[in-house]
Amino acid sequence: MKKILVASVVFLLALASYGQTKQELVAMIERVNNVWQANHRPQCRAFWDNATYFTGNQAAYELTKRQEYLDYALAWANFNQWKGAKQTDKSKWEYKTYGEDDNHVFFADWQICFQVYIDLYKLEHRAERIQRALEVMCEQARTKENDYWWWSDALYMGFPIFTKLYTVTHKQNLLDKQYECFKYTDDLLYDKDEHLYYRDAKYVYPKVTTVCNKGKSFWARGDGWVLAGLARVLQDLPKDSQYRPFYVERFRQFAKAVAECQQEGGYWSRSMLCEDEAPGYETSGTAFFTYGMLWGVNNGLLKESEYKPTIDKAWKYLTTVALQPDGTIGYVQPIGEKPDPTRTVDARSQQPFGTGAWLLAACEYYKYLDK
């Protein structure tokens, strides 16, 4: 066992120190995903924490075409009956408060699974794979409400579903509703001076301030959800969509502000403008930011010359600090909603969404190596 651990350390340090060829990077991605799947059963709920991992697994499958990754996703989807929250009575569907029960059908944390189901449907057009997604999201598109995404996380969980469904249905009302709901969230949470997003309305300045000169509080993972969500929306949004210029402008403004907050060690601290608030490494926000910026460069929305230094430092952090010798991803802040210094974040701090975020960034970095 000791020899295996030493060999693993040597292997990972070699990859991290000298840069990766594409084959070496694939080996690293496979190692991380294999370790996760060997230690976690796919029979788990379809709530946001697990579903975020499966968005990363889907990226790993698309890159490697490893059948076991697809089988793992299918086992999870079948276990959850290709649904999120399972309430059938539409009069009971909720979203305005946090909820893990089956009534919270309109709550985005229960909807992110639809992103994976849609991707699996595209691989094999079996109607049951998107039946519930169509029922829920088309019903949401018909409602008069626009306040579904009242917290920043929802811009990763729910926001991209509409464009993913559009690629299947080509229904314009899905894109209309998506924009209407995004504008609500953007008006509520986007700080037009800092070009960053508050986690939710409770944290809008000056309701909450940091220890750094009583400044504004922006949570790295909360903003990571948004940058990654915008990338995923722009990936599927038609190039001629009337909404594209607004999303692109926001993506560029936001990415620039995020890059300016990076720590010298390549990571983003939990409190983006005040590391003293919750000092130390954090992987989930860092991985989502890295994924978003890589996607932007790979797709011509961000200039490589401008973002390469940020990406290089972030990638070094993700492969030499976040990635552990045993193939796990550490330094992930536990489930929460703010930069919380009372929560331990160390090399053993692992979460499904942290591994999923790392996989997304690594798979996008593979594409970056072509540039």
# chains A, B, ... in the order shown; residues from 1 in each chain; ligands from 1

call {"tool": "residues_around", "arguments": {"residues": "Val32 in chain A", "least_positions_apart": "3", "cutoff": "7 Å", "atoms": "only C-alpha atoms", "output": "number ranges by chain"}}
result
A: 28-29, 35-36, 327-328

call {"tool": "residues_around", "arguments": {"residues": "Phe182 in chain A", "least_positions_apart": "6", "cutoff": "12 Å", "atoms": "only C-alpha atoms", "output": "VMD selection string"}}
result
chain A and resid 146 to 152 154 to 156 158 to 160 162 175 to 176 188 to 190 226 229 to 230 233 243 246 to 247 250

call {"tool": "closest_atom_pairs", "arguments": {"of": "range 131-245 of chain A", "to": "range 79-86 of chain A", "cutoff": "10 Å", "atoms": "only C-alpha atoms", "output": "Markdown table"}}
result
| residue | atom | partner | partner_atom | distance |
| --- | --- | --- | --- | --- |
| A:Gln131 | CA | A:Trp82 | CA | 8.1 |
| A:Arg132 | CA | A:Lys83 | CA | 5.9 |
| A:Ala133 | CA | A:Lys83 | CA | 7.3 |
| A:Val136 | CA | A:Gly84 | CA | 9.6 |

call {"tool": "write_last_selection", "arguments": {"atoms": "N, CA and C atoms", "output": "PDB file, in the first residue's frame"}}
result
ATOM      1  N   GLN A 131     -39.114  13.354 -20.175  1.00  0.00           N
ATOM      2  CA  GLN A 131     -40.543  13.570 -19.977  1.00  0.00           C
ATOM      3  C   GLN A 131     -40.811  14.503 -18.804  1.00  0.00           C
ATOM      4  N   ARG A 132     -40.170  14.230 -17.661  1.00  0.00           N
ATOM      5  CA  ARG A 132     -40.387  15.074 -16.487  1.00  0.00           C
ATOM      6  C   ARG A 132     -39.773  16.461 -16.688  1.00  0.00           C
ATOM      7  N   ALA A 133     -38.614  16.538 -17.300  1.00  0.00           N
ATOM      8  CA  ALA A 133     -37.989  17.839 -17.558  1.00  0.00           C
ATOM      9  C   ALA A 133     -38.902  18.717 -18.406  1.00  0.00           C
ATOM     10  N   VAL A 136     -42.022  19.866 -16.279  1.00  0.00           N
ATOM     11  CA  VAL A 136     -41.739  20.882 -15.263  1.00  0.00           C
ATOM     12  C   VAL A 136     -41.324  22.208 -15.895  1.00  0.00           C
TER      13      VAL A 136
END

call {"tool": "atom_distance", "arguments": {"atom1": "CA of Lys313 in chain A", "atom2": "CA of Thr286 in chain A"}}
result
10.6 Å

call {"tool": "select_by_dssp", "arguments": {"residues": "range 144-358 of chain A", "states": "strand (DSSP E)", "output": "PyMOL selection string"}}
result
chain A and resi 190-191+196-197

call {"tool": "closest_atom_pairs", "arguments": {"of": "range 134-203 of chain A", "to": "range 254-277 of chain A", "cutoff": "9 Å", "atoms": "only C-alpha atoms", "output": "Markdown table"}}
result
| residue | atom | partner | partner_atom | distance |
| --- | --- | --- | --- | --- |
| A:Glu194 | CA | A:Ala257 | CA | 7.0 |
| A:His195 | CA | A:Phe254 | CA | 5.5 |
| A:Leu196 | CA | A:Phe254 | CA | 6.2 |
| A:Tyr197 | CA | A:Phe254 | CA | 8.6 |

call {"tool": "write_last_selection", "arguments": {"atoms": "N, CA and C atoms", "output": "PDB file, in the first residue's frame"}}
result
ATOM      1  N   GLU A 194     -18.932  46.621  -8.492  1.00  0.00           N
ATOM      2  CA  GLU A 194     -17.915  45.574  -8.377  1.00  0.00           C
ATOM      3  C   GLU A 194     -18.001  44.546  -9.501  1.00  0.00           C
ATOM      4  N   HIS A 195     -19.138  44.508 -10.203  1.00  0.00           N
ATOM      5  CA  HIS A 195     -19.374  43.524 -11.269  1.00  0.00           C
ATOM      6  C   HIS A 195     -19.294  42.082 -10.741  1.00  0.00           C
ATOM      7  N   LEU A 196     -19.806  41.902  -9.540  1.00  0.00           N
ATOM      8  CA  LEU A 196     -19.899  40.588  -8.910  1.00  0.00           C
ATOM      9  C   LEU A 196     -21.318  40.377  -8.408  1.00  0.00           C
ATOM     10  N   TYR A 197     -21.652  39.122  -8.093  1.00  0.00           N
ATOM     11  CA  TYR A 197     -22.998  38.784  -7.638  1.00  0.00           C
ATOM     12  C   TYR A 197     -23.013  38.455  -6.146  1.00  0.00           C
TER      13      TYR A 197
END

call {"tool": "select_by_dssp", "arguments": {"residues": "range 210-255 of chain A", "states": "alpha helix (DSSP H)", "output": "list in words"}}
result
Ala220, Arg221, Gly222, Asp223, Gly224, Trp225, Val226, Leu227, Ala228, Gly229, Leu230, Ala231, Arg232, Val233, Leu234, Gln235, Asp236, Arg244, Pro245, Phe246, Tyr247, Val248, Glu249, Arg250, Phe251, Arg252, Gln253, Phe254 and Ala255 of chain A
